[in-house]
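*Asks:* Before anything else, here's the structure in question.
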2 protein chains.
Amino acid sequence: MLTIGKLSQATGVKVPTIRYYEQIGLLPSPDRSRGNQRLYDKAALDRLSFIRHSRDLGFPLDAIRELLGLADDPGRSCTAADEIARRQLEQVNARIARLMALRDELGRMVRQCSNGTVADCRVLEVLGNHAFCAHDHAGRA
Amino acid sequence: MLTIGKLSQATGVKVPTIRYYEQIGLLPSPDRSRGNQRLYDKAALDRLSFIRHSRDLGFPLDAIRELLGLADDPGRSCTAADEIARRQLEQVNARIARLMALRDELGRMVRQCSNGTVADCRVLEVLGNHAFCAHDHAGRA
DNA sequence: CCTAATTGCTCTAGCAGCTATAGCTTCAAG
DNA sequence: CTTGAAGCTATAGCTGCTAGAGCAATTAGG
């Protein structure tokens with residue numbers, strides 16, 4: 001049985017974050033000691049590790065909620081889990097593509113800066129006028 | 001002179017976002033019509049375009065605030081602007097590197113899925129156990 | 001056994017950067 | 001003159017936490 005602090009150390013998830021996950025129903029409310037402190041068992045450790053790893057891979061909490069639901073039901077087809085992972089992969093790919101376009105733009109901007117005065121600063125000029133850009137880069141990363 | 005709606009169309013920044021920028025002091029409060037509606041001039045249009053473009057390039061609002069301050073002072077050296085841009089470029093590069101690692105991990109996960117049952121789903125297995133991963137991928141994207 | 005430091009508890013508020021809603025006024029077109 | 005769009009203010013909500021206040025419980029040292 002682990003206290004919240006030990007669980008935090010074991011998983012790398014901060015204590016307030018663990019409590020937050022409980023609050024939003026991602027982790028079940030654990031048993032308490034006589035002194036009202038949370039006590040976690042191995043199942044909780046596994047579940048939190050799963051959440052942590054999924055977060056590290058960029059899954060949003062809603063997707064993790066779905067994945068946890070699937071994992072609790074071992075007889076089912078895992079097509080749904082595969083789907084969620086595929087969607088996440090697509091999103092990651094899209095973000096990579098977008099960030100590479102930004103990198104190009106920023107790189108060109110910085111390379112053209114001759115460290116003169118603001119009046120003829122390429123950085124500020126480019127920021128002020130999209131027409132100087134090689135590509136489109138609308139939308140958010 | 002533009003109403004807020006026209007300014008929104010001209011810049012691609014949504015109306016509530018423009019009001020939000022005014023609220024946090026990123027845009028100056030414009031003059032009003034007799035009917036209390038905001039009226040924007042070309043300077044406001046330029047400033048908002050600058051903000052929009054900087055946001056598109058991923059700059060946080062604080063950095064944009066700094067850049068705007070620099071741009072208002074044409075005689076100064078643009079070293080500071082260059083610095084901000086370089087920092088942003090570094091951040092973008094870091095995010096790209098991290099996302100590519102995630103992509104590899106997700107890709108391997110998905111490729112190994114044989115669409116069987118949840119009990120032997122590679123996706124769920126890998127999520128549950130970091131030891132299956134090729135690399136580290138701690139920290140946030 | 002007592003004390004001090006650490007850890008735990010609850011509750012509330014704050015962060016970025018918006019977005020949405022409610023309930024009203026003003027404006028432009030027909 | 002009327003109707004519908006666009007504007008106004010103010011407040012609350014979104015994701016995923018993080019920080020703080022003000023307590024209670026536990027643990028290590030003396």
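Each chain in the structure tokens gets a letter, A, B, ..., in the order shown, and its residues are numbered from 1; ligands are numbered from 1 in order too.
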Chain A near chain D within 9 Å: what's each residue's closest atom pair and its distance in Å to one decimal, counting only C-alpha atoms (C1' of nucleotides), ordered by chain then ascending residue number, as CSV?
*Replies:*
```
residue,atom,partner,partner_atom,distance
A:Pro16,CA,D:DT18,C1',8.0
A:Thr17,CA,D:DC17,C1',6.7
A:Tyr20,CA,D:DC17,C1',8.1
A:Gly35,CA,D:DA25,C1',6.3
A:Asn36,CA,D:DA25,C1',8.5
A:Gln37,CA,D:DA25,C1',8.4
A:Pro60,CA,D:DT15,C1',8.8
A:Leu61,CA,D:DG16,C1',8.4
```
*Asks:* Those residues with C-alpha atoms, as a PDB file, in the first residue's frame please?
*Replies:*
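Dumped everything to again_38.pdb:
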```
ATOM      1  CA  PRO A  16      -1.655  17.551  -6.844  1.00  0.00           C
ATOM      2  CA  THR A  17      -2.009  16.049 -10.284  1.00  0.00           C
ATOM      3  CA  TYR A  20      -6.777  16.212  -9.771  1.00  0.00           C
ATOM      4  CA  GLY A  35      -6.038   9.288   9.510  1.00  0.00           C
ATOM      5  CA  ASN A  36      -7.908   9.969   6.244  1.00  0.00           C
ATOM      6  CA  GLN A  37      -4.899   9.619   3.991  1.00  0.00           C
ATOM      7  CA  PRO A  60      -5.544  14.094 -24.326  1.00  0.00           C
ATOM      8  CA  LEU A  61      -7.301  13.092 -21.126  1.00  0.00           C
TER       9      LEU A  61
END
```
*Asks:* Step one, run DSSP on the backbone; step two, keep only residues of chain B assigned to alpha helix (DSSP H); then write them as a PyMOL selection string.
*Replies:* chain B and resi 4-11+15-23+42-56+61-71+79-111+122-128
*Asks:* Leaving out Ile18 of chain A and any residue of its chain fewer than 2 positions from it, which residues lie within 10 Å of it when counting only C-alpha atoms (C1' of nucleotides), given as an mmCIF file with N, CA and C atoms, in the first residue's frame?
*Replies:*
```cif
data_model
loop_
_atom_site.group_PDB
_atom_site.id
_atom_site.type_symbol
_atom_site.label_atom_id
_atom_site.label_comp_id
_atom_site.auth_asym_id
_atom_site.auth_seq_id
_atom_site.Cartn_x
_atom_site.Cartn_y
_atom_site.Cartn_z
ATOM 1 N N ILE A 4 0.138 8.785 -1.114
ATOM 2 C CA ILE A 4 0.095 9.544 -2.363
ATOM 3 C C ILE A 4 1.503 10.004 -2.764
ATOM 4 N N GLY A 5 2.322 10.288 -1.772
ATOM 5 C CA GLY A 5 3.687 10.721 -2.055
ATOM 6 C C GLY A 5 4.517 9.624 -2.698
ATOM 7 N N LEU A 7 3.310 7.043 -4.305
ATOM 8 C CA LEU A 7 2.735 6.816 -5.637
ATOM 9 C C LEU A 7 3.266 7.851 -6.614
ATOM 10 N N SER A 8 3.366 9.077 -6.142
ATOM 11 C CA SER A 8 3.895 10.150 -6.967
ATOM 12 C C SER A 8 5.331 9.845 -7.391
ATOM 13 N N VAL A 13 4.232 11.249 -11.419
ATOM 14 C CA VAL A 13 3.098 12.179 -11.508
ATOM 15 C C VAL A 13 3.028 12.955 -10.197
ATOM 16 N N LYS A 14 2.932 14.277 -10.284
ATOM 17 C CA LYS A 14 2.965 15.084 -9.074
ATOM 18 C C LYS A 14 1.724 14.859 -8.212
ATOM 19 N N VAL A 15 1.911 15.048 -6.935
ATOM 20 C CA VAL A 15 0.835 14.802 -5.981
ATOM 21 C C VAL A 15 -0.458 15.558 -6.321
ATOM 22 N N PRO A 16 -0.398 16.857 -6.546
ATOM 23 C CA PRO A 16 -1.655 17.551 -6.844
ATOM 24 C C PRO A 16 -2.295 17.029 -8.128
ATOM 25 N N TYR A 20 -5.966 15.670 -8.666
ATOM 26 C CA TYR A 20 -6.777 16.212 -9.771
ATOM 27 C C TYR A 20 -7.377 15.096 -10.624
ATOM 28 N N TYR A 21 -6.589 14.087 -10.921
ATOM 29 C CA TYR A 21 -7.103 12.958 -11.703
ATOM 30 C C TYR A 21 -8.240 12.263 -10.966
ATOM 31 N N GLU A 22 -8.118 12.178 -9.664
ATOM 32 C CA GLU A 22 -9.200 11.582 -8.891
ATOM 33 C C GLU A 22 -10.456 12.455 -8.993
ATOM 34 N N GLN A 23 -10.239 13.743 -8.879
ATOM 35 C CA GLN A 23 -11.357 14.681 -8.905
ATOM 36 C C GLN A 23 -12.143 14.609 -10.215
ATOM 37 N N LEU A 26 -10.697 10.212 -13.317
ATOM 38 C CA LEU A 26 -9.805 9.407 -14.137
ATOM 39 C C LEU A 26 -9.192 8.291 -13.281
ATOM 40 N N LEU A 27 -8.996 8.592 -12.020
ATOM 41 C CA LEU A 27 -8.571 7.576 -11.045
ATOM 42 C C LEU A 27 -9.716 7.377 -10.057
ATOM 43 N N LEU A 48 -2.309 4.512 -12.973
ATOM 44 C CA LEU A 48 -1.668 5.824 -13.064
ATOM 45 C C LEU A 48 -0.466 5.786 -14.007
#
```
*Asks:* Quote the spacing between atom CA of Arg111 of chain B and atom CA of Arg95 of chain B in Å to one decimal place.
*Replies:* 23.9 Å
*Asks:* With chain B as the partner and 8 Å as the cut-off, tabulate the residues of chain A that qualify, each row holding the nearest pair of atoms and their distance in Å to one decimal, using only C-alpha atoms, sorted by chain and rising number, as a Markdown table.
*Replies:*
```
| residue | atom | partner | partner_atom | distance |
| --- | --- | --- | --- | --- |
| A:Asp46 | CA | B:Gly128 | CA | 7.0 |
| A:Arg47 | CA | B:Gly128 | CA | 7.7 |
| A:Ser49 | CA | B:Gly128 | CA | 6.5 |
| A:Phe50 | CA | B:Gly128 | CA | 4.3 |
| A:Ile51 | CA | B:Leu127 | CA | 8.0 |
| A:His53 | CA | B:Leu127 | CA | 5.9 |
| A:Ser54 | CA | B:Leu127 | CA | 5.9 |
| A:Asp56 | CA | B:Ala138 | CA | 5.9 |
| A:Leu57 | CA | B:Leu102 | CA | 5.8 |
| A:Gly58 | CA | B:Ala141 | CA | 7.3 |
| A:Leu67 | CA | B:Leu124 | CA | 7.5 |
| A:Leu70 | CA | B:Val118 | CA | 7.1 |
| A:Ala71 | CA | B:Val118 | CA | 6.4 |
| A:Asp73 | CA | B:Val118 | CA | 6.9 |
| A:Pro74 | CA | B:Ala119 | CA | 4.4 |
| A:Gly75 | CA | B:Thr117 | CA | 5.8 |
| A:Arg76 | CA | B:Thr117 | CA | 5.3 |
| A:Ser77 | CA | B:Thr117 | CA | 4.0 |
| A:Cys78 | CA | B:Val118 | CA | 4.6 |
| A:Thr79 | CA | B:Asn115 | CA | 5.4 |
| A:Ala81 | CA | B:Val123 | CA | 6.9 |
| A:Asp82 | CA | B:Val110 | CA | 6.4 |
| A:Ala85 | CA | B:Val110 | CA | 6.6 |
| A:Arg86 | CA | B:Val110 | CA | 6.6 |
| A:Gln88 | CA | B:Leu106 | CA | 7.9 |
| A:Leu89 | CA | B:Leu106 | CA | 6.0 |
| A:Val92 | CA | B:Arg103 | CA | 6.4 |
| A:Asn93 | CA | B:Arg103 | CA | 7.0 |
| A:Arg95 | CA | B:Leu99 | CA | 8.0 |
| A:Ile96 | CA | B:Ile96 | CA | 5.9 |
| A:Leu99 | CA | B:Val92 | CA | 6.5 |
| A:Met100 | CA | B:Ile96 | CA | 7.2 |
| A:Leu102 | CA | B:Leu57 | CA | 5.8 |
| A:Arg103 | CA | B:Leu89 | CA | 6.2 |
| A:Leu106 | CA | B:Leu89 | CA | 6.0 |
| A:Gly107 | CA | B:Leu89 | CA | 6.9 |
| A:Val110 | CA | B:Asp82 | CA | 6.4 |
| A:Cys113 | CA | B:Asp82 | CA | 6.9 |
| A:Asn115 | CA | B:Thr79 | CA | 5.4 |
| A:Gly116 | CA | B:Ser77 | CA | 5.7 |
| A:Thr117 | CA | B:Ser77 | CA | 4.1 |
| A:Val118 | CA | B:Cys78 | CA | 4.6 |
| A:Ala119 | CA | B:Pro74 | CA | 4.4 |
| A:Cys121 | CA | B:Cys78 | CA | 6.0 |
| A:Val123 | CA | B:Asp82 | CA | 6.6 |
| A:Leu124 | CA | B:Ala71 | CA | 6.6 |
| A:Leu127 | CA | B:Phe50 | CA | 5.6 |
| A:Gly128 | CA | B:Phe50 | CA | 4.4 |
| A:Asn129 | CA | B:Phe50 | CA | 7.0 |
| A:His130 | CA | B:His53 | CA | 6.7 |
| A:His137 | CA | B:Asp56 | CA | 6.4 |
| A:Ala138 | CA | B:Asp56 | CA | 5.9 |
| A:Gly139 | CA | B:Asp56 | CA | 6.7 |
| A:Arg140 | CA | B:Asp56 | CA | 6.5 |
| A:Ala141 | CA | B:Gly58 | CA | 7.3 |
```
*Asks:* Suppose you want the space between atom CA of Ala131 of chain B and atom CA of Ala44 of chain A; what is it in Å?
*Replies:*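 Separation between atom CA of Ala131 of chain B and atom CA of Ala44 of chain A: 18.2 Å.
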*Asks:* For chain C, list the residues within 10 Å of chain B, counting only C-alpha atoms (C1' of nucleotides), and write the list as a compact mmCIF listing (two decimals) with N, CA and C atoms (P, O5', C5', C4', C3', O3' and C1' of nucleotides), in the first residue's frame.
*Replies:*
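Below is the file iface-v3.txt, written as the result:
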```txt
# COMPACT_ATOMS: atom_id res chain seq x y z
P DA C 16 -0.84 34.03 -18.06
O5' DA C 16 -0.93 33.00 -19.26
C5' DA C 16 0.10 32.07 -19.50
C4' DA C 16 -0.23 31.28 -20.76
C3' DA C 16 -0.74 32.17 -21.90
O3' DA C 16 -0.24 31.61 -23.10
C1' DA C 16 -2.45 30.66 -21.26
P DG C 17 -0.04 32.60 -24.35
O5' DG C 17 -1.50 32.52 -24.99
C5' DG C 17 -1.92 31.29 -25.56
C4' DG C 17 -3.39 31.38 -25.87
C3' DG C 17 -3.86 32.73 -26.44
O3' DG C 17 -4.68 32.46 -27.56
C1' DG C 17 -5.27 32.03 -24.75
P DC C 18 -4.86 33.58 -28.64
O5' DC C 18 -6.06 34.44 -28.01
C5' DC C 18 -7.44 34.21 -28.32
C4' DC C 18 -7.91 32.87 -27.81
C3' DC C 18 -9.32 32.56 -28.24
O3' DC C 18 -9.30 31.40 -29.11
C1' DC C 18 -8.99 32.15 -25.90
P DT C 19 -10.49 31.23 -30.15
O5' DT C 19 -11.76 30.82 -29.26
C5' DT C 19 -11.95 29.47 -28.87
C4' DT C 19 -13.25 29.36 -28.12
C3' DT C 19 -14.48 29.88 -28.88
O3' DT C 19 -15.39 28.79 -28.91
C1' DT C 19 -14.44 30.71 -26.66
P DA C 20 -16.79 28.97 -29.64
O5' DA C 20 -17.79 29.12 -28.42
C5' DA C 20 -17.62 28.32 -27.27
C4' DA C 20 -18.71 28.65 -26.26
C3' DA C 20 -20.03 29.11 -26.89
O3' DA C 20 -21.08 28.53 -26.15
C1' DA C 20 -19.25 30.76 -25.40
P DT C 25 -31.49 48.02 -23.87
O5' DT C 25 -30.34 48.34 -24.92
C5' DT C 25 -29.11 48.94 -24.46
C4' DT C 25 -28.24 49.24 -25.68
C3' DT C 25 -28.79 50.29 -26.64
O3' DT C 25 -27.72 51.17 -26.96
C1' DT C 25 -28.25 48.32 -27.82
P DT C 26 -28.09 52.53 -27.72
O5' DT C 26 -27.51 52.28 -29.19
C5' DT C 26 -26.17 51.78 -29.34
C4' DT C 26 -25.99 51.30 -30.76
C3' DT C 26 -26.45 52.28 -31.84
O3' DT C 26 -25.32 52.51 -32.65
C1' DT C 26 -27.17 50.09 -32.32
P DC C 27 -25.33 53.72 -33.73
O5' DC C 27 -25.35 52.90 -35.09
C5' DC C 27 -24.47 51.77 -35.20
C4' DC C 27 -24.90 50.90 -36.37
C3' DC C 27 -25.25 51.67 -37.65
O3' DC C 27 -24.42 51.14 -38.66
C1' DC C 27 -26.91 50.05 -37.13
```
*Asks:* Atom CA of Thr11 of chain B and atom CA of Ala43 of chain B are how many Å apart?
*Replies:* 12.7 Å
*Asks:* Using DSSP secondary structure from the backbone, list all strand (DSSP E or B) positions within segment 7-133 of chain A, as a PDB file with N, CA and C atoms, in the first residue's frame.
*Replies:*
```pdb
ATOM      1  N   ASP A  31      -9.080   3.825  -1.031  1.00  0.00           N
ATOM      2  CA  ASP A  31      -9.369   3.701   0.393  1.00  0.00           C
ATOM      3  C   ASP A  31      -8.530   4.705   1.171  1.00  0.00           C
ATOM      4  N   ARG A  32      -8.977   4.967   2.399  1.00  0.00           N
ATOM      5  CA  ARG A  32      -8.255   5.911   3.242  1.00  0.00           C
ATOM      6  C   ARG A  32      -7.746   5.194   4.498  1.00  0.00           C
ATOM      7  N   ARG A  38      -4.974   8.934   1.715  1.00  0.00           N
ATOM      8  CA  ARG A  38      -5.213   8.010   0.600  1.00  0.00           C
ATOM      9  C   ARG A  38      -4.183   6.878   0.603  1.00  0.00           C
ATOM     10  N   LEU A  39      -4.668   5.674   0.383  1.00  0.00           N
ATOM     11  CA  LEU A  39      -3.771   4.522   0.269  1.00  0.00           C
ATOM     12  C   LEU A  39      -4.028   3.815  -1.054  1.00  0.00           C
ATOM     13  N   TYR A  40      -2.965   3.655  -1.832  1.00  0.00           N
ATOM     14  CA  TYR A  40      -3.099   3.092  -3.168  1.00  0.00           C
ATOM     15  C   TYR A  40      -2.543   1.677  -3.242  1.00  0.00           C
ATOM     16  N   SER A  77     -12.778  -6.500 -28.905  1.00  0.00           N
ATOM     17  CA  SER A  77     -11.815  -6.237 -29.972  1.00  0.00           C
ATOM     18  C   SER A  77     -11.052  -4.954 -29.655  1.00  0.00           C
ATOM     19  N   THR A 117      19.546  48.448 -36.832  1.00  0.00           N
ATOM     20  CA  THR A 117      18.556  49.101 -35.996  1.00  0.00           C
ATOM     21  C   THR A 117      17.171  48.522 -36.267  1.00  0.00           C
TER      22      THR A 117
END
```
